[in-house]
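Here's target-v5.pdb, which has PDB, C-alpha atoms, pLDDT in the B column:
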ATOM      1  CA  MET A   1      12.139  11.913  97.946  1.00 39.00           C
ATOM      2  CA  GLU A   2      14.962  13.665  96.082  1.00 39.00           C
ATOM      3  CA  PRO A   3      15.396  17.445  96.488  1.00 40.00           C
ATOM      4  CA  GLU A   4      14.050  19.452  93.597  1.00 40.00           C
ATOM      5  CA  GLY A   5      16.648  20.093  90.909  1.00 41.00           C
ATOM      6  CA  VAL A   6      18.873  17.126  91.762  1.00 38.00           C
ATOM      7  CA  LEU A   7      19.941  15.263  88.638  1.00 41.00           C
ATOM      8  CA  ARG A   8      19.019  11.596  88.682  1.00 49.00           C
ATOM      9  CA  PRO A   9      21.363   9.020  87.125  1.00 51.00           C
ATOM     10  CA  HIS A  10      19.450   8.875  83.843  1.00 63.00           C
ATOM     11  CA  SER A  11      19.611  12.665  83.637  1.00 85.00           C
ATOM     12  CA  LEU A  12      23.383  12.572  84.074  1.00 86.00           C
ATOM     13  CA  VAL A  13      23.622  10.041  81.251  1.00 90.00           C
ATOM     14  CA  GLU A  14      21.501  12.246  78.988  1.00 89.00           C
ATOM     15  CA  LEU A  15      23.483  15.354  79.899  1.00 89.00           C
ATOM     16  CA  SER A  16      26.828  13.656  79.254  1.00 91.00           C
ATOM     17  CA  MET A  17      25.601  12.156  76.005  1.00 90.00           C
ATOM     18  CA  ARG A  18      24.255  15.499  74.769  1.00 88.00           C
ATOM     19  CA  ARG A  19      27.486  17.354  75.586  1.00 90.00           C
ATOM     20  CA  ILE A  20      29.745  14.806  73.887  1.00 92.00           C
ATOM     21  CA  ARG A  21      27.410  14.557  70.909  1.00 90.00           C
ATOM     22  CA  HIS A  22      27.397  18.340  70.617  1.00 87.00           C
ATOM     23  CA  GLU A  23      31.202  18.491  70.624  1.00 89.00           C
ATOM     24  CA  ILE A  24      31.471  15.753  67.996  1.00 89.00           C
ATOM     25  CA  LEU A  25      28.903  17.213  65.610  1.00 86.00           C
ATOM     26  CA  SER A  26      30.232  20.755  66.044  1.00 83.00           C
ATOM     27  CA  GLY A  27      33.743  19.629  65.108  1.00 84.00           C
ATOM     28  CA  THR A  28      35.253  20.359  68.542  1.00 88.00           C
ATOM     29  CA  LEU A  29      36.103  16.666  68.788  1.00 90.00           C
ATOM     30  CA  ALA A  30      37.588  15.372  65.552  1.00 89.00           C
ATOM     31  CA  PRO A  31      37.129  11.916  63.978  1.00 90.00           C
ATOM     32  CA  GLY A  32      39.606   9.498  65.554  1.00 91.00           C
ATOM     33  CA  GLU A  33      40.192  11.672  68.631  1.00 94.00           C
ATOM     34  CA  ARG A  34      40.494   9.683  71.854  1.00 95.00           C
ATOM     35  CA  LEU A  35      37.892  10.236  74.583  1.00 95.00           C
ATOM     36  CA  ILE A  36      39.598   9.926  77.984  1.00 93.00           C
ATOM     37  CA  GLU A  37      37.191   9.103  80.803  1.00 92.00           C
ATOM     38  CA  GLU A  38      39.141  10.909  83.528  1.00 91.00           C
ATOM     39  CA  GLN A  39      39.189  14.153  81.564  1.00 92.00           C
ATOM     40  CA  LEU A  40      35.507  13.937  80.653  1.00 92.00           C
ATOM     41  CA  THR A  41      34.342  13.192  84.197  1.00 91.00           C
ATOM     42  CA  GLN A  42      36.291  16.200  85.458  1.00 90.00           C
ATOM     43  CA  ARG A  43      34.939  18.482  82.744  1.00 88.00           C
ATOM     44  CA  PHE A  44      31.330  17.354  83.150  1.00 85.00           C
ATOM     45  CA  GLY A  45      31.409  17.006  86.935  1.00 86.00           C
ATOM     46  CA  THR A  46      30.009  13.491  86.851  1.00 86.00           C
ATOM     47  CA  SER A  47      31.066   9.978  87.842  1.00 89.00           C
ATOM     48  CA  ARG A  48      32.270   7.240  85.506  1.00 91.00           C
ATOM     49  CA  ALA A  49      29.075   5.178  85.516  1.00 91.00           C
ATOM     50  CA  PRO A  50      26.804   7.687  83.693  1.00 91.00           C
ATOM     51  CA  LEU A  51      29.682   8.705  81.421  1.00 92.00           C
ATOM     52  CA  ARG A  52      30.305   5.118  80.361  1.00 93.00           C
ATOM     53  CA  GLU A  53      26.610   4.603  79.683  1.00 93.00           C
ATOM     54  CA  ALA A  54      26.575   7.807  77.618  1.00 93.00           C
ATOM     55  CA  LEU A  55      29.551   6.565  75.591  1.00 95.00           C
ATOM     56  CA  ARG A  56      27.847   3.203  75.082  1.00 94.00           C
ATOM     57  CA  LEU A  57      24.732   4.903  73.730  1.00 93.00           C
ATOM     58  CA  LEU A  58      26.820   7.147  71.489  1.00 93.00           C
ATOM     59  CA  GLY A  59      28.441   3.999  70.169  1.00 92.00           C
ATOM     60  CA  GLN A  60      24.991   2.719  69.197  1.00 89.00           C
ATOM     61  CA  GLN A  61      24.421   6.021  67.404  1.00 86.00           C
ATOM     62  CA  GLY A  62      27.590   5.549  65.370  1.00 87.00           C
ATOM     63  CA  LEU A  63      29.404   8.549  66.850  1.00 91.00           C
ATOM     64  CA  VAL A  64      32.047   6.790  68.955  1.00 93.00           C
ATOM     65  CA  GLU A  65      34.003   3.558  68.627  1.00 92.00           C
ATOM     66  CA  HIS A  66      35.047   1.213  71.435  1.00 91.00           C
ATOM     67  CA  SER A  67      38.246  -0.755  70.921  1.00 86.00           C
ATOM     68  CA  PRO A  68      40.049  -2.978  73.484  1.00 84.00           C
ATOM     69  CA  ARG A  69      43.417  -1.618  72.326  1.00 81.00           C
ATOM     70  CA  ARG A  70      42.631   1.961  71.324  1.00 81.00           C
ATOM     71  CA  GLY A  71      40.022   2.782  73.954  1.00 89.00           C
ATOM     72  CA  VAL A  72      37.063   5.011  73.110  1.00 94.00           C
ATOM     73  CA  ARG A  73      37.443   7.362  70.170  1.00 95.00           C
ATOM     74  CA  VAL A  74      35.293   9.551  67.992  1.00 94.00           C
ATOM     75  CA  ALA A  75      34.140   7.390  65.094  1.00 91.00           C
ATOM     76  CA  GLU A  76      36.269   7.679  62.003  1.00 90.00           C
ATOM     77  CA  LEU A  77      35.516   6.302  58.558  1.00 88.00           C
ATOM     78  CA  SER A  78      37.921   5.928  55.687  1.00 89.00           C
ATOM     79  CA  HIS A  79      37.396   8.022  52.566  1.00 89.00           C
ATOM     80  CA  ASP A  80      36.189   4.908  50.763  1.00 93.00           C
ATOM     81  CA  ASP A  81      33.740   4.071  53.561  1.00 91.00           C
ATOM     82  CA  VAL A  82      32.298   7.599  53.484  1.00 90.00           C
ATOM     83  CA  ASP A  83      32.014   7.494  49.702  1.00 91.00           C
ATOM     84  CA  GLU A  84      30.289   4.112  49.778  1.00 94.00           C
ATOM     85  CA  LEU A  85      27.865   5.131  52.528  1.00 92.00           C
ATOM     86  CA  PHE A  86      26.889   8.347  50.750  1.00 91.00           C
ATOM     87  CA  GLY A  87      26.385   6.322  47.594  1.00 93.00           C
ATOM     88  CA  LEU A  88      24.186   3.858  49.471  1.00 95.00           C
ATOM     89  CA  ARG A  89      22.260   6.734  51.029  1.00 95.00           C
ATOM     90  CA  ASP A  90      21.643   8.152  47.544  1.00 94.00           C
ATOM     91  CA  VAL A  91      20.296   4.820  46.288  1.00 96.00           C
ATOM     92  CA  LEU A  92      17.978   4.364  49.277  1.00 97.00           C
ATOM     93  CA  GLU A  93      16.659   7.932  49.094  1.00 97.00           C
ATOM     94  CA  ARG A  94      16.031   7.679  45.365  1.00 97.00           C
ATOM     95  CA  TYR A  95      14.106   4.454  45.900  1.00 98.00           C
ATOM     96  CA  ALA A  96      12.091   6.126  48.670  1.00 98.00           C
ATOM     97  CA  VAL A  97      11.142   9.008  46.370  1.00 97.00           C
ATOM     98  CA  GLU A  98      10.292   6.638  43.533  1.00 97.00           C
ATOM     99  CA  THR A  99       8.065   4.658  45.895  1.00 96.00           C
ATOM    100  CA  ALA A 100       6.411   7.709  47.484  1.00 96.00           C
ATOM    101  CA  LEU A 101       5.652   9.718  44.325  1.00 96.00           C
ATOM    102  CA  PRO A 102       3.266  10.433  42.924  1.00 93.00           C
ATOM    103  CA  GLY A 103       0.639  10.058  45.617  1.00 91.00           C
ATOM    104  CA  VAL A 104       2.146  11.088  48.938  1.00 91.00           C
ATOM    105  CA  THR A 105       0.347  14.030  50.548  1.00 88.00           C
ATOM    106  CA  ASP A 106       1.362  14.048  54.219  1.00 95.00           C
ATOM    107  CA  LEU A 107       4.579  16.063  54.369  1.00 97.00           C
ATOM    108  CA  ARG A 108       4.184  17.283  57.950  1.00 97.00           C
ATOM    109  CA  ASP A 109       7.250  15.537  59.395  1.00 97.00           C
ATOM    110  CA  LEU A 110       9.410  16.701  56.505  1.00 98.00           C
ATOM    111  CA  ALA A 111       8.105  20.263  56.832  1.00 98.00           C
ATOM    112  CA  LYS A 112       8.647  20.254  60.612  1.00 98.00           C
ATOM    113  CA  ALA A 113      12.263  19.144  60.224  1.00 98.00           C
ATOM    114  CA  LEU A 114      12.839  21.858  57.620  1.00 97.00           C
ATOM    115  CA  ASP A 115      11.306  24.506  59.893  1.00 98.00           C
ATOM    116  CA  ASP A 116      13.483  23.315  62.762  1.00 97.00           C
ATOM    117  CA  MET A 117      16.578  23.572  60.563  1.00 95.00           C
ATOM    118  CA  ALA A 118      15.671  27.155  59.686  1.00 96.00           C
ATOM    119  CA  ALA A 119      15.005  28.079  63.318  1.00 97.00           C
ATOM    120  CA  ALA A 120      18.325  26.578  64.409  1.00 94.00           C
ATOM    121  CA  VAL A 121      20.218  28.607  61.788  1.00 92.00           C
ATOM    122  CA  GLU A 122      18.499  31.797  62.951  1.00 94.00           C
ATOM    123  CA  GLN A 123      19.491  30.987  66.539  1.00 94.00           C
ATOM    124  CA  ASP A 124      23.069  30.061  65.516  1.00 89.00           C
ATOM    125  CA  ASP A 125      22.594  26.578  66.969  1.00 89.00           C
ATOM    126  CA  PRO A 126      24.568  24.101  64.798  1.00 84.00           C
ATOM    127  CA  TYR A 127      23.746  21.183  67.093  1.00 83.00           C
ATOM    128  CA  SER A 128      19.994  21.600  66.654  1.00 89.00           C
ATOM    129  CA  GLU A 129      20.476  22.201  62.936  1.00 89.00           C
ATOM    130  CA  ASN A 130      22.313  18.894  62.613  1.00 88.00           C
ATOM    131  CA  GLU A 131      19.596  17.080  64.538  1.00 90.00           C
ATOM    132  CA  ALA A 132      16.888  18.580  62.331  1.00 94.00           C
ATOM    133  CA  HIS A 133      18.929  17.784  59.226  1.00 93.00           C
ATOM    134  CA  ARG A 134      19.105  14.117  60.178  1.00 93.00           C
ATOM    135  CA  ARG A 135      15.357  14.063  60.928  1.00 96.00           C
ATOM    136  CA  TYR A 136      14.681  15.668  57.548  1.00 97.00           C
ATOM    137  CA  HIS A 137      16.363  12.835  55.694  1.00 96.00           C
ATOM    138  CA  VAL A 138      14.721  10.159  57.825  1.00 97.00           C
ATOM    139  CA  ALA A 139      11.342  11.810  57.202  1.00 98.00           C
ATOM    140  CA  LEU A 140      12.075  11.865  53.469  1.00 98.00           C
ATOM    141  CA  VAL A 141      12.644   8.099  53.418  1.00 98.00           C
ATOM    142  CA  ALA A 142       9.617   7.547  55.658  1.00 97.00           C
ATOM    143  CA  LEU A 143       7.417   9.105  52.955  1.00 97.00           C
ATOM    144  CA  SER A 144       7.738   5.801  51.111  1.00 97.00           C
ATOM    145  CA  GLY A 145       5.702   4.010  53.769  1.00 95.00           C
ATOM    146  CA  HIS A 146       8.216   1.179  53.357  1.00 96.00           C
ATOM    147  CA  ARG A 147       9.130  -0.117  56.824  1.00 96.00           C
ATOM    148  CA  GLN A 148      11.983  -2.362  55.711  1.00 97.00           C
ATOM    149  CA  LEU A 149      13.483   0.450  53.662  1.00 97.00           C
ATOM    150  CA  LEU A 150      13.484   2.698  56.719  1.00 96.00           C
ATOM    151  CA  LEU A 151      15.072  -0.047  58.833  1.00 96.00           C
ATOM    152  CA  ALA A 152      17.834  -0.409  56.220  1.00 96.00           C
ATOM    153  CA  TYR A 153      18.294   3.364  55.948  1.00 96.00           C
ATOM    154  CA  GLU A 154      18.589   4.345  59.620  1.00 93.00           C
ATOM    155  CA  PRO A 155      21.976   2.623  60.302  1.00 90.00           C
ATOM    156  CA  VAL A 156      23.402   4.343  57.206  1.00 93.00           C
ATOM    157  CA  ILE A 157      22.297   7.804  58.306  1.00 92.00           C
ATOM    158  CA  LEU A 158      23.652   7.189  61.822  1.00 87.00           C
ATOM    159  CA  LYS A 159      27.096   6.345  60.471  1.00 87.00           C
ATOM    160  CA  LEU A 160      27.046   9.404  58.204  1.00 89.00           C
ATOM    161  CA  GLN A 161      25.710  12.015  60.634  1.00 87.00           C
ATOM    162  CA  LEU A 162      29.190  13.230  61.622  1.00 86.00           C
ATOM    163  CA  TYR A 163      30.087  13.777  57.958  1.00 87.00           C
ATOM    164  CA  MET A 164      26.719  15.325  57.122  1.00 86.00           C
ATOM    165  CA  ALA A 165      27.320  17.774  59.972  1.00 84.00           C
ATOM    166  CA  ALA A 166      30.786  18.542  58.577  1.00 82.00           C
ATOM    167  CA  ASN A 167      29.253  19.265  55.171  1.00 79.00           C
ATOM    168  CA  LEU A 168      26.794  21.777  56.657  1.00 79.00           C
ATOM    169  CA  ARG A 169      29.477  23.355  58.845  1.00 80.00           C
ATOM    170  CA  ARG A 170      31.937  23.867  55.993  1.00 79.00           C
ATOM    171  CA  GLU A 171      29.178  25.190  53.764  1.00 76.00           C
ATOM    172  CA  ALA A 172      28.336  27.799  56.417  1.00 77.00           C
ATOM    173  CA  GLU A 173      31.999  28.836  56.459  1.00 81.00           C
ATOM    174  CA  GLN A 174      32.036  29.410  52.696  1.00 82.00           C
ATOM    175  CA  ARG A 175      28.504  30.669  52.037  1.00 81.00           C
ATOM    176  CA  ALA A 176      25.586  32.158  53.923  1.00 80.00           C
ATOM    177  CA  PRO A 177      24.585  29.950  56.891  1.00 77.00           C
ATOM    178  CA  SER A 178      21.044  29.814  55.499  1.00 86.00           C
ATOM    179  CA  GLU A 179      22.141  28.187  52.243  1.00 87.00           C
ATOM    180  CA  GLY A 180      21.911  24.692  53.696  1.00 87.00           C
ATOM    181  CA  VAL A 181      18.300  25.352  54.644  1.00 93.00           C
ATOM    182  CA  GLU A 182      17.507  26.759  51.219  1.00 93.00           C
ATOM    183  CA  ARG A 183      18.934  23.666  49.505  1.00 91.00           C
ATOM    184  CA  HIS A 184      16.638  21.487  51.560  1.00 95.00           C
ATOM    185  CA  ARG A 185      13.704  23.842  50.995  1.00 96.00           C
ATOM    186  CA  ARG A 186      14.128  23.483  47.235  1.00 95.00           C
ATOM    187  CA  LEU A 187      14.144  19.714  47.630  1.00 96.00           C
ATOM    188  CA  PHE A 188      11.021  19.923  49.794  1.00 97.00           C
ATOM    189  CA  GLU A 189       9.234  21.981  47.129  1.00 97.00           C
ATOM    190  CA  ALA A 190      10.221  19.462  44.464  1.00 96.00           C
ATOM    191  CA  ILE A 191       8.771  16.629  46.532  1.00 97.00           C
ATOM    192  CA  ALA A 192       5.650  18.631  47.368  1.00 97.00           C
ATOM    193  CA  SER A 193       5.012  19.128  43.662  1.00 96.00           C
ATOM    194  CA  GLY A 194       4.251  15.418  43.387  1.00 96.00           C
ATOM    195  CA  ASP A 195       6.327  15.256  40.203  1.00 96.00           C
ATOM    196  CA  GLN A 196       8.614  12.248  40.563  1.00 96.00           C
ATOM    197  CA  VAL A 197      11.073  13.395  37.878  1.00 96.00           C
ATOM    198  CA  ARG A 198      11.385  16.845  39.439  1.00 96.00           C
ATOM    199  CA  ALA A 199      11.815  15.354  42.920  1.00 96.00           C
ATOM    200  CA  LEU A 200      14.535  12.952  41.791  1.00 96.00           C
ATOM    201  CA  ASP A 201      16.332  15.799  40.037  1.00 95.00           C
ATOM    202  CA  GLY A 202      16.052  17.890  43.192  1.00 94.00           C
ATOM    203  CA  LEU A 203      17.474  15.029  45.224  1.00 94.00           C
ATOM    204  CA  ALA A 204      20.439  14.684  42.864  1.00 91.00           C
ATOM    205  CA  ARG A 205      21.114  18.424  42.995  1.00 88.00           C
ATOM    206  CA  HIS A 206      20.664  19.087  46.701  1.00 85.00           C
ATOM    207  CA  GLY A 207      24.380  18.840  47.512  1.00 74.00           C
ATOM    208  CA  ALA A 208      24.692  16.049  50.068  1.00 68.00           C
ATOM    209  CA  ARG A 209      28.487  16.195  50.283  1.00 70.00           C
ATOM    210  CA  THR A 210      29.625  19.154  48.198  1.00 69.00           C
ATOM    211  CA  TYR A 211      31.811  20.558  50.971  1.00 59.00           C
ATOM    212  CA  ILE A 212      33.541  17.406  52.191  1.00 63.00           C
ATOM    213  CA  GLY A 213      34.888  16.128  48.869  1.00 57.00           C
TER     214      GLY A 213
END
Written form, structure tokens:
Amino acid sequence: MEPEGVLRPHSLVELSMRRIRHEILSGTLAPGERLIEEQLTQRFGTSRAPLREALRLLGQQGLVEHSPRRGVRVAELSHDDVDELFGLRDVLERYAVETALPGVTDLRDLAKALDDMAAAVEQDDPYSENEAHRRYHVALVALSGHRQLLLAYEPVILKLQLYMAANLRREAEQRAPSEGVERHRRLFEAIASGDQVRALDGLARHGARTYIG
């Protein structure tokens, strides 16, 4: 039996993954920046095996890229790729709203994600805010009850999460940190109204990438 408090291998993977993810989404690690195993194992006090598994999982989440020649780097998309993915996200979210409204009444997951965003801002926790922000948009698409739509949407949101985080971070630098929450609260209220036209207008106005060009 292991002594109490000893981290098991899966815990070391989770810890490494959370720390790297936090540094990527907070902007400490920039898109395209190389992730050197030796440096990370020394910083995190762990061996290579859990670190490599953490990097593999982060690759599945779209946050890092593995290349035989370039090694492991923070994922980086071209301006055109980002523009196309945001455009695709817009189309999928609009279709979700059109499918969900009028008629949807269960907004609990959307409300929970919004509350978590607000709590994270109050606690000055950008990492948790980014996580809640991603869950908010997934919950929005899930309102459609369209399983295939959600399956198509999730890879798009994973690829964009780094840039969505950058949008929120730069907004907080230029305006009140709570403004990002208020934008999403206005969208929530538009959806809760059950008025499809109002909800689609709210979606168009909610500022998905205002601060990243």
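The residues caught by the PyMOL selection byres ((chain A and resi 188-198) around 9) in this file are Val97, Glu98, Ala100, Leu101, Pro102, Gly103, Val104, Thr105, Leu107, Leu110, Ala111, Leu114, Leu140, Arg183, His184, Arg185, Arg186, Leu187, Ala199, Leu200, Asp201, Gly202 and Leu203 of chain A.
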Take the residues from that selection and write them out as a CSV table (one decimal), keeping the file's coordinate frame, keeping C-alpha atoms.
chain,number,residue,atom,x,y,z
A,97,VAL,CA,11.1,9.0,46.4
A,98,GLU,CA,10.3,6.6,43.5
A,100,ALA,CA,6.4,7.7,47.5
A,101,LEU,CA,5.7,9.7,44.3
A,102,PRO,CA,3.3,10.4,42.9
A,103,GLY,CA,0.6,10.1,45.6
A,104,VAL,CA,2.1,11.1,48.9
A,105,THR,CA,0.3,14.0,50.5
A,107,LEU,CA,4.6,16.1,54.4
A,110,LEU,CA,9.4,16.7,56.5
A,111,ALA,CA,8.1,20.3,56.8
A,114,LEU,CA,12.8,21.9,57.6
A,140,LEU,CA,12.1,11.9,53.5
A,183,ARG,CA,18.9,23.7,49.5
A,184,HIS,CA,16.6,21.5,51.6
A,185,ARG,CA,13.7,23.8,51.0
A,186,ARG,CA,14.1,23.5,47.2
A,187,LEU,CA,14.1,19.7,47.6
A,199,ALA,CA,11.8,15.4,42.9
A,200,LEU,CA,14.5,13.0,41.8
A,201,ASP,CA,16.3,15.8,40.0
A,202,GLY,CA,16.1,17.9,43.2
A,203,LEU,CA,17.5,15.0,45.2
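Taking CA of Arg48 (chain A) and CA of Ser128 (chain A) as the two end points, the separation is 26.7 Å.
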Inset, instruction - Name the residues that the PyMOL selection byres ((chain A and resi 85-87) around 9) pulls out of this structure, and write them as number ranges by chain. - result: A: 80-84, 88-92, 156-157, 159-160, 208-209
Legend entry - Residues selected by the PyMOL selection byres ((chain A and resi 165) around 12), written as a ChimeraX atom specification: /A:21-28,30,63,126-134,157-164,166-172,180,208-209,211-212
Inset, instruction - Counting all atoms listed in the file, select every polymer residue within 12 Å of (26.3, 9.0, 71.3) as defined in the file's coordinates, and provide the selection as a PyMOL selection string. - result: chain A and resi 13-25+51-66+72-75+158-159+161-162
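With all atoms listed in the file as the basis for measurement, A:Val181 is the residue among A:Arg43, A:Val181, A:Arg94, A:Arg69 that approaches Asp116 (chain A) most closely.
Comparing A:Ala96, A:Ala49, A:Asp125, A:Glu173 by their smallest distance to Glu37 (chain A), the closest is A:Ala49 (using all atoms listed in the file).
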Legend entry - Computed interatomic separation between CA of Leu35 (chain A) and CA of Ser47 (chain A) (Å): 14.9 Å
Considering only C-alpha atoms, return as a compact mmCIF listing (two decimals) with C-alpha atoms, keeping the file's coordinate frame whatever protein or nucleic-acid residues lie within 9 Å of Thr99 (chain A), sequence-local ones (same chain, fewer than 4 positions apart) excluded.
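Result written to selection-v8.txt:
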# COMPACT_ATOMS: atom_id res chain seq x y z
CA ARG A 94 16.03 7.68 45.36
CA TYR A 95 14.11 4.45 45.90
CA LEU A 143 7.42 9.10 52.96
CA SER A 144 7.74 5.80 51.11
CA GLY A 145 5.70 4.01 53.77
CA HIS A 146 8.22 1.18 53.36
Inset, instruction - Would you please work out which residue, of A:Glu93, A:Ala204, A:Leu29, A:Glu179, is nearest to Val141 (chain A) when using all atoms listed in the file? - result: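 Of A:Glu93, A:Ala204, A:Leu29, A:Glu179, the one nearest Val141 (chain A) is A:Glu93, counting all atoms listed in the file.
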Inset, instruction - Would you mind reading off the distance between CA of His206 (chain A) and CA of Val121 (chain A), one decimal, in Å? - result: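 It comes out at 17.8 Å.
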Emit as AutoDock Vina command-line options the padded axis-aligned box for all listed atoms of region 185-196 of chain A, 5 Å per side, with centre and edge lengths in Å to one decimal.
--center_x 9.2 --center_y 18.0 --center_z 45.6 --size_x 19.9 --size_y 21.6 --size_z 20.8
Inset, instruction - Can you work out which one of A:Pro31, A:Gln42, A:Ser67, A:Pro50 has the shortest atom-to-atom distance to Leu12 (chain A), counting all atoms listed in the file? - result: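 Of A:Pro31, A:Gln42, A:Ser67, A:Pro50, the one nearest Leu12 (chain A) is A:Pro50, counting all atoms listed in the file.
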Legend entry - Nearest-residue call for Glu182 (chain A), choices A:Ser11, A:Asp115, A:Arg147, A:Val138, using all atoms listed in the file: A:Asp115
